[in-house]
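Scroll down for the structure; my scribbles are underneath it.
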Amino acid sequence: MKKLTSWALIRQNLSRKPVRTGILAVIVFLFSFTLYCGTVIGQGLSQGTRTTAERLGADALFVPYGYDAKVQSSLLRGEPSSFYMDRRFSEEVRQEKGVEKVTAQLFIATLKASCCTLPVQLIGIDPETDFVVRPWMASAIDRPMRDDEVVVGSKIVGQVGDTLTLFGKELTIAARLEPTGMGFDTSVFLEIDRARRLLLASELGPRLNLPAGLDRNAFVSSTLIKAAPATDIKELVNRISQKYAAAYNLDFVVVAGMITDMAAKLSFFSRCIHVFSGVLWVLGALVMALVFSALIRERKKEFAVLRIIGASRSALGRIVMREALLVSLSGAFAGVAAAMLVTTLFNAYIGAVLDAPSLEPGPLYRLAAAAGALLLGLMTGPLACLPAMRKLGRIDAYIIMREEL
Amino acid sequence: MSLLEAVSASKVFQRRSAAGHASFAAVSDVDFSVSEGDFATIVGQSGSGKTTLLTMLAGLAAPTRGLVRFRGNDIYSLTDRELSALRNREISFIPQDMGLLGNLTVYDNIRAPQLFAGANAPESGRADFLLEAVGLSALAFEYPSALSGGEMRRVAIARALFNEPAVLVADEPTSALDPENSRMVMELLRAANRHGAAVIVVTHEAEAALCGSIRFSMKNGKLERLEA
């Protein structure tokens, strides 16, 4: 039979006290889980916000009055929505001083339509003027989109070459976009006039409730503006609003403001998560220190016996440390694994709950976060048992024996 | 030459009471020695200092004054690691209250000294031999909670013998045992002595004390050698 090793003793100590071992492991589990989730969700949201700013490209969006919140939820979370304004505004505003680029988009919600494969947001874009979508579509498709083609966001089901049925028409997926963390991930893009014709020809067409005076062949949902360099965007938007708001019944969203609001919300959220993780770690370590202290008191007899049979103080310390390390290891591994599963499965849902775009961080970042959470989780047990071990190390074996044996 | 000896050894404790702190000498100026092949018994009333003397001899409690020497070397001048190795290999202590490890089986309790003996530890086969010797082969894979007091005491003796120590130090090995178990335990200690270990036994019981080739009596921390 093999020689008895300290690892075998440790295994026996842990397995013969499953409740004690389990409680300690659960404390480490909770800490590692929270730390990983907090780090990865925080990074996902912050990455999603950065991507929103980078990909949107526009400085301001003009929409029909009262739809400013709708366009934000459509852009950020891809909530299907339909609202319409006069296309002529986008042509007129182009002449304004300080306006560098202007493009229009048409949003069509297929949510309740029985016509379509998927309940998605269709976004019609103007190939002549688009500066928002086309630049990153070009990275996915290097030729003009054909009339029967669409480009889909990263979360739309289907491969390149597959067909989607939209308003009774079969359209081929020409390209798939990279994940953006925005509503674009759940949108389908097609040419704006094609989108309008599809809508009008569909069962929704006759029931389409356009605002009075709107030309059925020249309506859009939003007009996006990019300001010329060194232009005061607020001043530009105010000037445009004052001039056109009454005629076109306009509302507006300043993208920088939208991003700043999100960033502020995210920054608060990140701070909360990190403070919570810190508090949980300190509390976890304190609880574990108390539990270890109680356990070491309870196990004085066992330690006295080990001293009698030849354990040095350092050998005794190694046994207790290894026990703490094994408990921490199991808790930390389980915590990080569960957190990885939860953040992967519920990333989009978390973004929706927090009302912010969320982009799952890359594998390297997640690996680093997992390693960090694992390392800190691993340290919890050994650190927590240090004070009790130091106290025990100072007591003479004889004193322990007198008390315990 | 003495194998294990105490030279003018004293152990003083501080006692805390309502009246304040007071010094209490559990062992006063004791000279004691055993040589290879000796079987020493120490008798005395409770509180006479027997156990304190025994733990000082076993390398578990440093004397406040005086020396404890093993093969001529002051054991309390050793580092903790060296003294622990001495306890593991040369001076085995059998505590009064059995002192088994509750999470290990009888078999693993007996070979537990392997944990700290390094590469020179006896093979596990010695545990089989000792189990046989103490008559507990059938209980090898039971946990201590399933054993009687006599069985636990025999396991503790087997464990103390695992590394074939030069000195076996037993604190009240027959206390709370029935006469048959007491005889069995004393026979095991005598057998260890016949095989070369010096044995020091502290006991209340006159019959057990008579086993000693050298006998001592202890009273109020003072040790007195008795006539053979």
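Labels used: A, B, ... for chains in the order of the structure tokens, numbers from 1 for residues in each chain, and numbers from 1 for ligands as shown.
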Open item on the list: Which residues are near B:Asp31? Cut-off 8 Å, only C-alpha atoms, ignore same chain within fewer than 4 positions. Put them as a VMD selection string.
Closed with: chain B and resid 5 to 9 223
TODO: Do me a favour and pick out the residues of chain B within 10 Å of chain A, using only C-alpha atoms, as a PyMOL selection string.
DONE: chain B and resi 51-52+55-56+58-62+79-105+108-109+111-119+121-125+159-160+163
Task: Residues near stretch 204-206 of chain B, cut-off 10 Å, only C-alpha atoms, skip fewer than 6 positions along chain, as number ranges by chain - done: B: 41-46, 172-175, 182
Emit the selected residues as a CSV table (one decimal), in the first residue's frame, including N, CA, C and O atoms.
```
chain,number,residue,atom,x,y,z
B,41,THR,N,8.4,3.5,35.8
B,41,THR,CA,7.0,3.9,36.1
B,41,THR,C,7.1,5.0,37.1
B,41,THR,O,7.9,5.1,38.0
B,42,ILE,N,6.1,6.0,36.9
B,42,ILE,CA,6.0,7.1,37.9
B,42,ILE,C,4.6,7.1,38.4
B,42,ILE,O,3.6,7.1,37.7
B,43,VAL,N,4.5,7.0,39.7
B,43,VAL,CA,3.2,7.1,40.3
B,43,VAL,C,3.0,8.4,41.1
B,43,VAL,O,4.0,9.0,41.5
B,44,GLY,N,1.8,8.7,41.3
B,44,GLY,CA,1.5,10.0,42.1
B,44,GLY,C,0.1,10.4,41.9
B,44,GLY,O,-0.6,9.9,41.0
B,45,GLN,N,-0.4,11.2,42.8
B,45,GLN,CA,-1.8,11.6,42.8
B,45,GLN,C,-2.0,12.6,41.7
B,45,GLN,O,-1.1,13.2,41.1
B,46,SER,N,-3.3,12.9,41.4
B,46,SER,CA,-3.6,13.9,40.4
B,46,SER,C,-3.1,15.2,40.8
B,46,SER,O,-3.1,15.6,42.0
B,172,GLU,N,-0.7,7.6,31.7
B,172,GLU,CA,-1.9,6.9,32.2
B,172,GLU,C,-2.5,5.9,31.2
B,172,GLU,O,-3.7,6.0,30.8
B,173,PRO,N,-1.7,5.0,30.7
B,173,PRO,CA,-2.2,4.1,29.5
B,173,PRO,C,-3.3,3.2,29.9
B,173,PRO,O,-4.0,2.7,29.1
B,174,THR,N,-3.5,3.0,31.2
B,174,THR,CA,-4.5,2.0,31.6
B,174,THR,C,-5.7,2.7,32.3
B,174,THR,O,-6.7,2.0,32.7
B,175,SER,N,-5.7,4.0,32.3
B,175,SER,CA,-6.8,4.7,33.0
B,175,SER,C,-8.2,4.4,32.3
B,175,SER,O,-8.2,4.4,31.0
B,182,SER,N,-6.5,-3.4,30.6
B,182,SER,CA,-5.3,-2.9,31.3
B,182,SER,C,-4.2,-3.8,31.1
B,182,SER,O,-3.0,-3.4,30.8
```
- [ ] Write out as a ChimeraX atom specification the residues lying within 12 Å of A:Leu200, counting only C-alpha atoms and excluding same-chain residues fewer than 2 positions away.
- [x] /A:108,167-168,193-198,202-210,216-219
- [ ] If you run DSSP over the backbone, which residues in stretch 37-147 of chain B end up helix (DSSP H, G or I)? Put them as a VMD selection string.
- [x] chain B and resid 50 to 57 75 to 77 80 to 89 106 to 110 112 to 116 118 to 120 125 to 133 137 to 139 144 to 146
Open item on the list: Using Å and a single decimal, report how far atom CA of A:Arg390 sits from atom CA of A:Val26.
Closed with: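 Atom CA of A:Arg390 lies at a distance of 24.7 Å from atom CA of A:Val26.
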Open item on the list: As an exercise, work out the distance from atom CA of A:Lys169 to atom CA of A:Asp147 in Å and give it to one decimal place.
Closed with: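 Answer for the atom CA of A:Lys169 to atom CA of A:Asp147 separation: 11.3 Å.
Using only C-alpha atoms, the nearest neighbour of A:Ala247 within the list A:Arg88, A:Arg297, A:Lys391, A:His274 is A:Arg88.
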Per DSSP on the backbone, filter stretch 25-94 of chain A down to the residues in strand (DSSP E) and report them as an mmCIF file with all heavy atoms, in the first residue's frame.
```
data_model
loop_
_atom_site.group_PDB
_atom_site.id
_atom_site.type_symbol
_atom_site.label_atom_id
_atom_site.label_comp_id
_atom_site.auth_asym_id
_atom_site.auth_seq_id
_atom_site.Cartn_x
_atom_site.Cartn_y
_atom_site.Cartn_z
ATOM 1 N N ALA A 60 -26.078 63.920 -34.757
ATOM 2 C CA ALA A 60 -27.453 64.171 -34.288
ATOM 3 C C ALA A 60 -28.448 63.423 -35.149
ATOM 4 O O ALA A 60 -28.189 63.142 -36.325
ATOM 5 C CB ALA A 60 -27.748 65.657 -34.327
ATOM 6 N N LEU A 61 -29.564 63.057 -34.526
ATOM 7 C CA LEU A 61 -30.639 62.373 -35.243
ATOM 8 C C LEU A 61 -31.905 63.221 -35.117
ATOM 9 O O LEU A 61 -32.235 63.663 -34.012
ATOM 10 C CB LEU A 61 -30.946 61.025 -34.602
ATOM 11 C CG LEU A 61 -30.009 59.851 -34.809
ATOM 12 C CD1 LEU A 61 -28.883 59.889 -33.803
ATOM 13 C CD2 LEU A 61 -30.806 58.571 -34.626
ATOM 14 N N PHE A 62 -32.594 63.424 -36.234
ATOM 15 C CA PHE A 62 -33.891 64.116 -36.197
ATOM 16 C C PHE A 62 -34.977 63.091 -36.505
ATOM 17 O O PHE A 62 -34.848 62.298 -37.444
ATOM 18 C CB PHE A 62 -33.907 65.255 -37.216
ATOM 19 C CG PHE A 62 -33.092 66.433 -36.749
ATOM 20 C CD1 PHE A 62 -31.729 66.498 -37.028
ATOM 21 C CD2 PHE A 62 -33.671 67.451 -35.995
ATOM 22 C CE1 PHE A 62 -30.968 67.567 -36.573
ATOM 23 C CE2 PHE A 62 -32.900 68.522 -35.546
ATOM 24 C CZ PHE A 62 -31.541 68.580 -35.833
ATOM 25 N N VAL A 63 -35.995 63.098 -35.668
ATOM 26 C CA VAL A 63 -37.096 62.123 -35.798
ATOM 27 C C VAL A 63 -38.423 62.867 -35.632
ATOM 28 O O VAL A 63 -38.429 64.027 -35.177
ATOM 29 C CB VAL A 63 -36.991 61.019 -34.711
ATOM 30 C CG1 VAL A 63 -35.814 60.107 -34.968
ATOM 31 C CG2 VAL A 63 -36.919 61.617 -33.315
ATOM 32 N N PRO A 64 -39.554 62.226 -35.952
ATOM 33 C CA PRO A 64 -40.837 62.890 -35.712
ATOM 34 C C PRO A 64 -40.993 63.223 -34.227
ATOM 35 O O PRO A 64 -40.468 62.496 -33.369
ATOM 36 C CB PRO A 64 -41.871 61.843 -36.135
ATOM 37 C CG PRO A 64 -41.135 60.921 -37.026
ATOM 38 C CD PRO A 64 -39.725 60.922 -36.578
ATOM 39 N N MET A 85 -41.533 60.497 -41.108
ATOM 40 C CA MET A 85 -41.450 61.948 -41.303
ATOM 41 C C MET A 85 -41.144 62.211 -42.795
ATOM 42 O O MET A 85 -40.843 61.285 -43.551
ATOM 43 C CB MET A 85 -40.359 62.548 -40.415
ATOM 44 C CG MET A 85 -38.971 61.981 -40.677
ATOM 45 S SD MET A 85 -37.737 62.567 -39.513
ATOM 46 C CE MET A 85 -37.270 64.095 -40.288
ATOM 47 N N ASP A 86 -41.224 63.475 -43.146
ATOM 48 C CA ASP A 86 -41.070 63.872 -44.557
ATOM 49 C C ASP A 86 -39.603 63.779 -44.989
ATOM 50 O O ASP A 86 -38.715 64.277 -44.296
ATOM 51 C CB ASP A 86 -41.563 65.320 -44.717
ATOM 52 C CG ASP A 86 -41.875 65.613 -46.166
ATOM 53 O OD1 ASP A 86 -41.096 65.141 -47.032
ATOM 54 O OD2 ASP A 86 -42.886 66.290 -46.422
#
```
